[in-house]
file model14.tsv (TSV, C-alpha atoms)
chain	number	residue	atom	x	y	z
A	15	MET	CA	-25.50	-7.82	-47.94
A	16	ILE	CA	-25.49	-10.35	-45.14
A	17	PRO	CA	-23.63	-9.32	-41.95
A	18	ILE	CA	-21.35	-11.96	-40.47
A	19	CYS	CA	-19.52	-10.22	-37.62
A	20	ASP	CA	-17.87	-6.97	-36.59
A	21	ASN	CA	-14.40	-6.11	-35.32
A	22	VAL	CA	-15.45	-4.66	-31.96
A	23	ARG	CA	-14.19	-6.67	-29.03
A	24	CYS	CA	-16.69	-7.49	-26.26
A	25	TRP	CA	-15.46	-8.18	-22.74
A	26	ASN	CA	-18.78	-9.34	-21.26
A	27	LYS	CA	-20.90	-12.29	-22.31
A	28	PRO	CA	-24.10	-10.94	-23.94
A	29	ILE	CA	-26.47	-13.00	-21.80
A	30	VAL	CA	-29.55	-10.89	-22.51
A	31	ASN	CA	-28.90	-11.01	-26.24
A	32	TYR	CA	-28.66	-14.81	-26.07
A	33	TRP	CA	-31.97	-14.95	-24.21
A	34	LEU	CA	-33.69	-12.63	-26.69
A	35	ILE	CA	-32.52	-14.78	-29.58
A	36	GLY	CA	-33.61	-17.93	-27.77
A	37	ILE	CA	-37.07	-16.56	-26.97
A	38	ASN	CA	-37.60	-15.49	-30.57
A	39	ILE	CA	-36.64	-18.94	-31.81
A	40	ALA	CA	-38.89	-20.65	-29.24
A	41	VAL	CA	-41.88	-18.48	-30.18
A	42	PHE	CA	-41.31	-19.11	-33.88
A	43	LEU	CA	-41.18	-22.87	-33.29
A	44	TRP	CA	-44.49	-22.52	-31.43
A	45	GLU	CA	-45.89	-20.65	-34.43
A	46	LEU	CA	-44.85	-23.53	-36.69
A	47	LYS	CA	-46.65	-25.95	-34.39
A	48	LEU	CA	-49.80	-23.82	-34.47
A	49	GLU	CA	-49.63	-23.62	-38.25
A	50	PHE	CA	-50.03	-27.39	-38.53
A	51	GLY	CA	-53.15	-27.17	-36.37
A	52	ASP	CA	-54.65	-24.21	-38.25
A	53	GLU	CA	-54.42	-22.11	-35.09
A	54	LEU	CA	-51.71	-19.71	-36.21
A	55	GLY	CA	-54.09	-17.08	-37.56
A	56	TYR	CA	-55.90	-16.75	-34.24
A	57	PHE	CA	-52.60	-16.60	-32.35
A	58	VAL	CA	-51.12	-13.86	-34.55
A	59	ASN	CA	-54.34	-11.83	-34.50
A	60	SER	CA	-54.41	-12.11	-30.70
A	61	TRP	CA	-50.81	-11.09	-30.03
A	62	GLY	CA	-49.78	-9.17	-33.15
A	63	LEU	CA	-50.08	-5.39	-33.30
A	64	ILE	CA	-53.28	-4.34	-35.09
A	65	PRO	CA	-53.38	-0.52	-35.04
A	66	TYR	CA	-57.08	-0.25	-35.84
A	67	GLN	CA	-58.03	-2.42	-32.86
A	68	ILE	CA	-56.22	-0.04	-30.54
A	69	THR	CA	-57.31	3.24	-32.12
A	70	GLY	CA	-60.86	1.97	-32.57
A	71	ALA	CA	-61.07	0.77	-28.97
A	72	ILE	CA	-59.73	4.11	-27.70
A	73	GLN	CA	-62.34	6.03	-29.70
A	74	THR	CA	-65.08	3.79	-28.36
A	75	ALA	CA	-63.82	4.14	-24.80
A	76	ILE	CA	-63.66	7.92	-24.99
A	77	PHE	CA	-66.94	8.63	-26.73
A	78	TRP	CA	-69.21	5.68	-26.03
A	79	ASN	CA	-68.24	3.01	-23.56
A	80	PHE	CA	-65.97	3.36	-20.55
A	81	ALA	CA	-65.73	-0.43	-20.24
A	82	ALA	CA	-63.92	-0.46	-23.59
A	83	TRP	CA	-60.81	0.69	-21.73
A	84	ILE	CA	-60.44	-2.94	-20.66
A	85	VAL	CA	-60.06	-3.85	-24.32
A	86	VAL	CA	-57.60	-0.99	-24.80
A	87	ILE	CA	-55.45	-2.16	-21.90
A	88	TRP	CA	-55.50	-5.74	-23.19
A	89	ARG	CA	-54.52	-4.70	-26.71
A	90	LEU	CA	-51.69	-2.55	-25.37
A	91	PHE	CA	-49.86	-5.75	-24.47
A	92	SER	CA	-49.42	-6.29	-28.20
A	93	LEU	CA	-47.12	-3.25	-28.28
A	94	ILE	CA	-44.41	-5.46	-26.86
A	95	PHE	CA	-45.53	-9.02	-27.63
A	96	ASN	CA	-45.52	-8.41	-31.38
A	97	ILE	CA	-41.73	-8.04	-31.44
A	98	PHE	CA	-41.35	-11.72	-30.56
A	99	LEU	CA	-43.53	-12.92	-33.45
A	100	HIS	CA	-42.31	-13.46	-37.00
A	101	GLY	CA	-44.10	-14.26	-40.21
A	102	SER	CA	-41.47	-16.15	-42.19
A	103	PHE	CA	-38.13	-17.91	-42.00
A	104	SER	CA	-36.47	-15.06	-43.88
A	105	GLN	CA	-37.81	-12.46	-41.45
A	106	ILE	CA	-36.68	-14.23	-38.31
A	107	LEU	CA	-33.32	-15.28	-39.77
A	108	GLY	CA	-32.60	-11.74	-40.91
A	109	ASN	CA	-33.62	-10.17	-37.61
A	110	LEU	CA	-31.74	-12.64	-35.45
A	111	LEU	CA	-28.63	-12.38	-37.61
A	112	PHE	CA	-28.59	-8.60	-37.15
A	113	LEU	CA	-29.31	-9.04	-33.44
A	114	TRP	CA	-26.42	-11.50	-33.14
A	115	VAL	CA	-23.92	-9.24	-34.91
A	116	PHE	CA	-24.90	-5.86	-33.48
A	117	GLY	CA	-26.81	-6.67	-30.28
A	118	LYS	CA	-23.91	-8.21	-28.39
A	119	THR	CA	-21.83	-5.07	-28.86
A	120	VAL	CA	-24.63	-2.75	-27.74
A	121	GLU	CA	-25.30	-4.92	-24.67
A	122	ASN	CA	-21.59	-4.80	-23.88
A	123	ILE	CA	-21.80	-0.99	-23.74
A	124	LEU	CA	-25.15	-0.62	-21.96
A	125	GLY	CA	-24.94	-3.52	-19.55
A	126	HIS	CA	-27.42	-6.37	-19.19
A	127	ARG	CA	-30.37	-4.70	-17.44
A	128	ARG	CA	-30.22	-1.44	-19.34
A	129	TYR	CA	-29.90	-3.30	-22.64
A	130	LEU	CA	-33.03	-5.33	-21.86
A	131	GLY	CA	-34.96	-2.17	-21.01
A	132	PHE	CA	-33.60	-0.50	-24.13
A	133	TYR	CA	-34.65	-3.37	-26.39
A	134	LEU	CA	-38.15	-3.74	-24.97
A	135	GLY	CA	-38.61	0.04	-24.85
A	136	ALA	CA	-37.60	0.27	-28.49
A	137	GLY	CA	-40.24	-2.31	-29.35
A	138	VAL	CA	-42.94	-0.26	-27.63
A	139	VAL	CA	-41.81	3.05	-29.15
A	140	THR	CA	-41.67	1.67	-32.69
A	141	SER	CA	-45.06	0.00	-32.27
A	142	VAL	CA	-46.61	3.30	-31.18
A	143	ALA	CA	-44.95	5.01	-34.15
A	144	GLN	CA	-46.51	2.51	-36.51
A	145	ILE	CA	-49.94	3.06	-34.96
A	146	LEU	CA	-49.59	6.81	-35.48
A	147	ALA	CA	-48.42	6.27	-39.06
A	148	GLU	CA	-51.19	3.85	-40.02
A	149	PRO	CA	-54.00	4.08	-37.44
A	150	SER	CA	-56.56	2.41	-39.70
A	151	LEU	CA	-54.43	-0.64	-40.48
A	152	LYS	CA	-56.26	-3.91	-39.82
A	153	VAL	CA	-53.38	-6.26	-40.65
A	154	PRO	CA	-51.48	-7.69	-37.65
A	155	LEU	CA	-47.95	-6.30	-37.54
A	156	ILE	CA	-45.29	-8.66	-36.25
A	157	GLY	CA	-41.52	-8.83	-36.04
A	158	ALA	CA	-38.56	-7.45	-34.14
A	159	ASN	CA	-37.67	-5.11	-37.01
A	160	GLY	CA	-38.23	-1.92	-35.02
A	161	ALA	CA	-36.21	-3.11	-32.03
A	162	ILE	CA	-33.42	-4.28	-34.34
A	163	ALA	CA	-33.40	-0.83	-35.94
A	164	ALA	CA	-32.89	0.70	-32.49
A	165	VAL	CA	-29.93	-1.62	-31.92
A	166	LEU	CA	-28.42	-0.44	-35.21
A	167	GLY	CA	-29.01	3.19	-34.26
A	168	ALA	CA	-27.24	2.71	-30.94
A	169	TYR	CA	-24.37	0.86	-32.61
A	170	ILE	CA	-23.67	3.52	-35.23
A	171	ILE	CA	-23.47	6.26	-32.59
A	172	LYS	CA	-20.86	4.38	-30.59
A	173	PHE	CA	-18.94	2.67	-33.42
A	174	PRO	CA	-19.47	4.57	-36.70
A	175	GLN	CA	-16.09	3.37	-37.97
A	176	GLY	CA	-16.47	-0.20	-36.76
A	177	LYS	CA	-15.86	-2.76	-39.48
A	178	ILE	CA	-18.75	-4.97	-40.53
A	179	TYR	CA	-17.68	-8.16	-42.27
A	180	SER	CA	-20.40	-9.31	-44.64
A	181	VAL	CA	-21.04	-11.22	-47.83
A	182	LEU	CA	-22.86	-10.05	-50.95
A	183	PRO	CA	-24.79	-12.91	-52.59
A	184	LEU	CA	-24.84	-12.72	-56.40
A	185	ILE	CA	-26.69	-15.68	-57.91
A	186	ILE	CA	-24.23	-18.49	-57.08
A	187	LEU	CA	-21.37	-16.28	-55.89
A	188	TYR	CA	-20.78	-14.87	-52.41
A	189	ILE	CA	-18.50	-11.84	-52.42
A	190	PRO	CA	-16.89	-10.99	-49.05
A	191	LEU	CA	-17.04	-7.32	-48.09
A	192	GLU	CA	-15.67	-5.20	-45.28
A	193	LEU	CA	-17.59	-1.98	-44.73
A	194	PRO	CA	-17.55	0.72	-42.04
A	195	ALA	CA	-20.63	0.52	-39.83
A	196	PHE	CA	-22.04	3.90	-40.89
A	197	LEU	CA	-21.98	2.87	-44.57
A	198	TYR	CA	-23.49	-0.54	-43.90
A	199	ILE	CA	-26.33	0.91	-41.82
A	200	PHE	CA	-26.90	3.64	-44.42
A	201	TRP	CA	-27.43	0.89	-46.99
A	202	TRP	CA	-29.87	-0.77	-44.62
A	203	PHE	CA	-31.71	2.53	-44.11
A	204	VAL	CA	-32.13	3.13	-47.85
A	205	GLN	CA	-33.43	-0.40	-48.28
A	206	GLN	CA	-36.04	0.11	-45.56
A	207	LEU	CA	-37.01	3.46	-47.09
A	208	PHE	CA	-38.11	1.74	-50.28
A	209	TYR	CA	-40.00	-0.86	-48.26
A	210	GLY	CA	-41.71	1.88	-46.27
A	211	ILE	CA	-42.77	3.83	-49.35
A	212	GLY	CA	-44.27	0.68	-50.74
A	213	SER	CA	-46.39	0.23	-47.62
A	214	LEU	CA	-48.33	3.50	-47.92
A	215	ASN	CA	-52.11	3.49	-48.03
A	216	ILE	CA	-52.97	3.18	-51.72
A	217	PRO	CA	-56.62	2.20	-52.26
A	218	PRO	CA	-57.81	-0.29	-53.32
A	219	LEU	CA	-54.65	-2.26	-52.71
A	220	GLY	CA	-54.86	-1.87	-48.94
A	221	VAL	CA	-52.35	-0.74	-46.38
A	222	ASN	CA	-49.08	-2.44	-45.53
A	223	GLN	CA	-50.30	-5.86	-46.56
A	224	SER	CA	-46.94	-7.38	-45.73
A	225	GLY	CA	-47.57	-7.03	-41.99
A	226	VAL	CA	-44.09	-5.73	-41.16
A	227	ILE	CA	-43.38	-2.60	-39.13
A	228	PHE	CA	-41.50	-0.61	-41.76
A	229	TRP	CA	-42.11	2.99	-40.70
A	230	GLY	CA	-41.47	2.06	-37.09
A	231	GLN	CA	-37.94	1.11	-38.10
A	232	PHE	CA	-37.04	4.72	-38.83
A	233	VAL	CA	-38.28	5.74	-35.40
A	234	GLY	CA	-36.35	2.80	-33.95
A	235	LEU	CA	-33.16	3.99	-35.60
A	236	LEU	CA	-33.62	7.46	-34.12
A	237	PHE	CA	-34.60	6.04	-30.73
A	238	GLY	CA	-31.49	3.87	-30.59
A	239	ALA	CA	-29.21	6.71	-31.65
A	240	GLY	CA	-30.76	9.08	-29.10
A	241	PHE	CA	-30.60	6.51	-26.33
A	242	MET	CA	-26.92	5.84	-26.91
A	243	ARG	CA	-26.15	9.55	-27.23
A	244	PHE	CA	-27.81	10.41	-23.92
A	245	LYS	CA	-27.33	7.10	-22.10
A	246	LYS	CA	-25.45	8.78	-19.27
A	247	PHE	CA	-28.73	10.46	-18.28
A	248	ILE	CA	-30.68	7.17	-18.41
A	249	ARG	CA	-30.33	4.84	-15.45
call {"tool": "encode", "arguments": {"input": "model14.tsv", "output": "structure tokens"}}
result
Amino acid sequence: MIPICDNVRCWNKPIVNYWLIGINIAVFLWELKLEFGDELGYFVNSWGLIPYQITGAIQTAIFWNFAAWIVVIWRLFSLIFNIFLHGSFSQILGNLLFLWVFGKTVENILGHRRYLGFYLGAGVVTSVAQILAEPSLKVPLIGANGAIAAVLGAYIIKFPQGKIYSVLPLIILYIPLELPAFLYIFWWFVQQLFYGIGSLNIPPLGVNQSGVIFWGQFVGLLFGAGFMRFKKFIR
């Protein structure tokens, strides 16, 4: 199901959401440019989240080489930079569509500055969750999937009965649907569950070869829900 819009009225212009969408598009265009010059692999490996590089560097720093903490600090930047990278047109279009539909409403509730902190914080939290889930993973993880999941979690807490207008593509037909937010996000959750199960470490196939932060999305959903539930305590 493809979300089109919701029925929640926003009284403030979602400036931060516009900027986040714009930055993601700009970075993806830069990725396309690098792809033509055969530089994309180096770029993604430099700024994508590679759990093994972080866990390996931490182990080295603790047990062998104090100077390795410099590498650890440098790689920690990938906890947030990876959420602005995408590996395909379908990934970025899907993420930005969800951000467009749900992000503006969440920003309207949280306010501009708190929404920005929430979004970036969600990216860091979900990245850490993925490292803990797959510490030996050597594939660069990229995408705003975890942060988008947090946006959905926040949305469903505030507007569980909000109407999500969407279309269901069936071969050449597009069936319009109107679903309550909790049901739509439940469908999304089940879909991600199957993706996550498929990304488990199963030798000799490797671990999470798709390079998408699937397990982090569940943490993102919980993070977003918790943030919205206790937002009055968060300045």
call {"tool": "atom_distance", "arguments": {"input": "model14.tsv", "atom1": "atom CA of A:Gly131", "atom2": "atom CA of A:Val30"}}
result
10.4 Å
call {"tool": "closest_residue", "arguments": {"input": "model14.tsv", "among": "A:Ile123, A:Leu236, A:Val86, A:Leu182", "to": "A:Ala161", "atoms": "only C-alpha atoms"}}
result
A:Leu236
call {"tool": "residues_around", "arguments": {"input": "model14.tsv", "residues": "stretch 136-141 of chain A", "least_positions_apart": "6", "cutoff": "9 Å", "atoms": "all atoms listed in the file", "output": "ChimeraX atom specification"}}
result
/A:63,65,92-97,155,158-165,227,229-234,237-238
call {"tool": "atom_distance", "arguments": {"input": "model14.tsv", "atom1": "atom CA of A:Gln175", "atom2": "atom CA of A:Leu107"}}
result
25.5 Å
call {"tool": "residues_around", "arguments": {"input": "model14.tsv", "residues": "stretch 79-84 of chain A", "least_positions_apart": "5", "cutoff": "12 Å", "atoms": "all atoms listed in the file", "output": "CSV table (one decimal) with C-alpha atoms, in the frame of the given file"}}
result
chain,number,residue,atom,x,y,z
A,67,GLN,CA,-58.0,-2.4,-32.9
A,68,ILE,CA,-56.2,0.0,-30.5
A,69,THR,CA,-57.3,3.2,-32.1
A,70,GLY,CA,-60.9,2.0,-32.6
A,71,ALA,CA,-61.1,0.8,-29.0
A,72,ILE,CA,-59.7,4.1,-27.7
A,73,GLN,CA,-62.3,6.0,-29.7
A,74,THR,CA,-65.1,3.8,-28.4
A,89,ARG,CA,-54.5,-4.7,-26.7
A,90,LEU,CA,-51.7,-2.6,-25.4
A,91,PHE,CA,-49.9,-5.8,-24.5
call {"tool": "atom_distance", "arguments": {"input": "model14.tsv", "atom1": "atom CA of A:Ile64", "atom2": "atom CA of A:Ile35"}}
result
23.9 Å
call {"tool": "residues_around", "arguments": {"input": "model14.tsv", "residues": "A:Ile178", "least_positions_apart": "6", "cutoff": "7 Å", "atoms": "all atoms listed in the file", "output": "VMD selection string"}}
result
chain A and resid 17 19 to 21 192 to 195
call {"tool": "residues_around", "arguments": {"input": "model14.tsv", "residues": "A:Gly157", "least_positions_apart": "5", "cutoff": "8 Å", "atoms": "all atoms listed in the file", "output": "ChimeraX atom specification"}}
result
/A:96-101,105-106,226-227
call {"tool": "closest_residue", "arguments": {"input": "model14.tsv", "among": "A:Val181, A:Val22, A:Ala75, A:Ala143", "to": "A:Leu235", "atoms": "all atoms listed in the file"}}
result
A:Ala143
call {"tool": "residues_around", "arguments": {"input": "model14.tsv", "residues": "A:Leu54", "least_positions_apart": "6", "cutoff": "8 Å", "atoms": "all atoms listed in the file", "output": "ChimeraX atom specification"}}
result
/A:45-46,48
call {"tool": "axis_aligned_box", "arguments": {"input": "model14.tsv", "around": "stretch 115-125 of chain A", "padding_each_side": "3 Å", "output": "AutoDock Vina command-line options"}}
result
--center_x -24.2 --center_y -4.9 --center_z -27.2 --size_x 11.2 --size_y 14.6 --size_z 21.4
call {"tool": "closest_residue", "arguments": {"input": "model14.tsv", "among": "A:Glu53, A:Phe241, A:Tyr198, A:Ile186", "to": "A:Pro174", "atoms": "only C-alpha atoms"}}
result
A:Tyr198
call {"tool": "decode", "arguments": {"input": "model14.tsv", "residues": "stretch 166-203 of chain A", "atoms": "N, CA and C atoms", "output": "CSV table (one decimal), in the first residue's frame"}}
result
chain,number,residue,atom,x,y,z
A,166,LEU,N,6.7,7.2,12.4
A,166,LEU,CA,5.5,6.4,12.4
A,166,LEU,C,5.1,6.1,13.8
A,167,GLY,N,6.1,5.7,14.7
A,167,GLY,CA,5.7,5.4,16.1
A,167,GLY,C,5.2,6.6,16.8
A,168,ALA,N,5.7,7.8,16.5
A,168,ALA,CA,5.2,9.0,17.1
A,168,ALA,C,3.8,9.3,16.6
A,169,TYR,N,3.6,9.1,15.4
A,169,TYR,CA,2.3,9.4,14.7
A,169,TYR,C,1.2,8.6,15.3
A,170,ILE,N,1.5,7.3,15.5
A,170,ILE,CA,0.4,6.4,15.9
A,170,ILE,C,0.0,6.6,17.3
A,171,ILE,N,0.9,7.1,18.2
A,171,ILE,CA,0.6,7.5,19.5
A,171,ILE,C,-0.4,8.7,19.6
A,172,LYS,N,-0.1,9.6,18.7
A,172,LYS,CA,-0.9,10.9,18.8
A,172,LYS,C,-2.2,10.7,18.0
A,173,PHE,N,-2.2,10.0,16.8
A,173,PHE,CA,-3.3,9.9,15.9
A,173,PHE,C,-3.6,8.5,15.5
A,174,PRO,N,-3.9,7.6,16.5
A,174,PRO,CA,-4.2,6.2,16.1
A,174,PRO,C,-5.4,6.0,15.2
A,175,GLN,N,-6.3,6.9,15.3
A,175,GLN,CA,-7.5,6.8,14.5
A,175,GLN,C,-7.5,7.8,13.2
A,176,GLY,N,-6.3,8.4,13.0
A,176,GLY,CA,-6.2,9.2,11.9
A,176,GLY,C,-6.4,8.4,10.6
A,177,LYS,N,-7.0,9.0,9.6
A,177,LYS,CA,-7.2,8.3,8.3
A,177,LYS,C,-6.0,8.5,7.4
A,178,ILE,N,-5.6,7.3,6.9
A,178,ILE,CA,-4.5,7.3,5.9
A,178,ILE,C,-5.0,7.0,4.5
A,179,TYR,N,-5.0,7.9,3.6
A,179,TYR,CA,-5.5,7.6,2.3
A,179,TYR,C,-4.3,7.0,1.4
A,180,SER,N,-4.6,5.9,0.9
A,180,SER,CA,-3.5,5.2,0.2
A,180,SER,C,-4.1,4.5,-1.0
A,181,VAL,N,-3.2,3.9,-1.8
A,181,VAL,CA,-3.6,3.1,-3.0
A,181,VAL,C,-2.9,1.8,-2.9
A,182,LEU,N,-3.6,0.7,-3.4
A,182,LEU,CA,-3.1,-0.6,-3.4
A,182,LEU,C,-2.8,-1.0,-4.8
A,183,PRO,N,-1.6,-1.1,-5.3
A,183,PRO,CA,-1.3,-1.4,-6.7
A,183,PRO,C,-1.4,-3.0,-6.9
A,184,LEU,N,-2.3,-3.3,-7.9
A,184,LEU,CA,-2.5,-4.7,-8.2
A,184,LEU,C,-2.3,-4.8,-9.7
A,185,ILE,N,-1.1,-5.2,-10.1
A,185,ILE,CA,-0.7,-5.4,-11.6
A,185,ILE,C,-0.9,-4.0,-12.3
A,186,ILE,N,-2.0,-3.9,-13.0
A,186,ILE,CA,-2.3,-2.6,-13.7
A,186,ILE,C,-3.4,-1.8,-13.0
A,187,LEU,N,-3.9,-2.2,-11.9
A,187,LEU,CA,-5.0,-1.5,-11.2
A,187,LEU,C,-4.4,-0.9,-9.9
A,188,TYR,N,-5.0,0.3,-9.6
A,188,TYR,CA,-4.7,1.0,-8.3
A,188,TYR,C,-5.9,1.2,-7.5
A,189,ILE,N,-6.1,0.4,-6.5
A,189,ILE,CA,-7.3,0.5,-5.7
A,189,ILE,C,-7.1,1.5,-4.5
A,190,PRO,N,-8.0,2.5,-4.5
A,190,PRO,CA,-7.9,3.5,-3.4
A,190,PRO,C,-8.4,2.9,-2.1
A,191,LEU,N,-7.7,3.2,-1.0
A,191,LEU,CA,-8.0,2.7,0.3
A,191,LEU,C,-8.0,3.8,1.4
A,192,GLU,N,-8.8,3.7,2.4
A,192,GLU,CA,-8.8,4.6,3.5
A,192,GLU,C,-8.7,3.7,4.8
A,193,LEU,N,-7.6,3.8,5.5
A,193,LEU,CA,-7.4,3.0,6.6
A,193,LEU,C,-7.0,3.8,7.8
A,194,PRO,N,-7.4,3.4,9.0
A,194,PRO,CA,-7.0,4.1,10.3
A,194,PRO,C,-5.5,3.9,10.4
A,195,ALA,N,-4.9,4.9,11.0
A,195,ALA,CA,-3.4,4.9,11.1
A,195,ALA,C,-2.8,3.7,11.8
A,196,PHE,N,-3.5,3.2,12.9
A,196,PHE,CA,-3.0,2.1,13.6
A,196,PHE,C,-3.0,0.8,12.8
A,197,LEU,N,-4.0,0.7,11.9
A,197,LEU,CA,-4.0,-0.5,11.0
A,197,LEU,C,-3.0,-0.4,9.9
A,198,TYR,N,-2.8,0.8,9.4
A,198,TYR,CA,-1.8,1.0,8.3
A,198,TYR,C,-0.4,0.7,8.8
A,199,ILE,N,-0.1,1.2,10.0
A,199,ILE,CA,1.2,1.1,10.6
A,199,ILE,C,1.5,-0.4,11.0
A,200,PHE,N,0.4,-1.0,11.5
A,200,PHE,CA,0.5,-2.5,11.8
A,200,PHE,C,0.9,-3.3,10.6
A,201,TRP,N,0.3,-2.9,9.4
A,201,TRP,CA,0.7,-3.6,8.2
A,201,TRP,C,2.1,-3.4,7.9
A,202,TRP,N,2.6,-2.1,8.0
A,202,TRP,CA,4.0,-1.8,7.8
A,202,TRP,C,4.9,-2.6,8.7
A,203,PHE,N,4.5,-2.7,10.0
A,203,PHE,CA,5.3,-3.4,11.0
A,203,PHE,C,5.4,-4.9,10.6
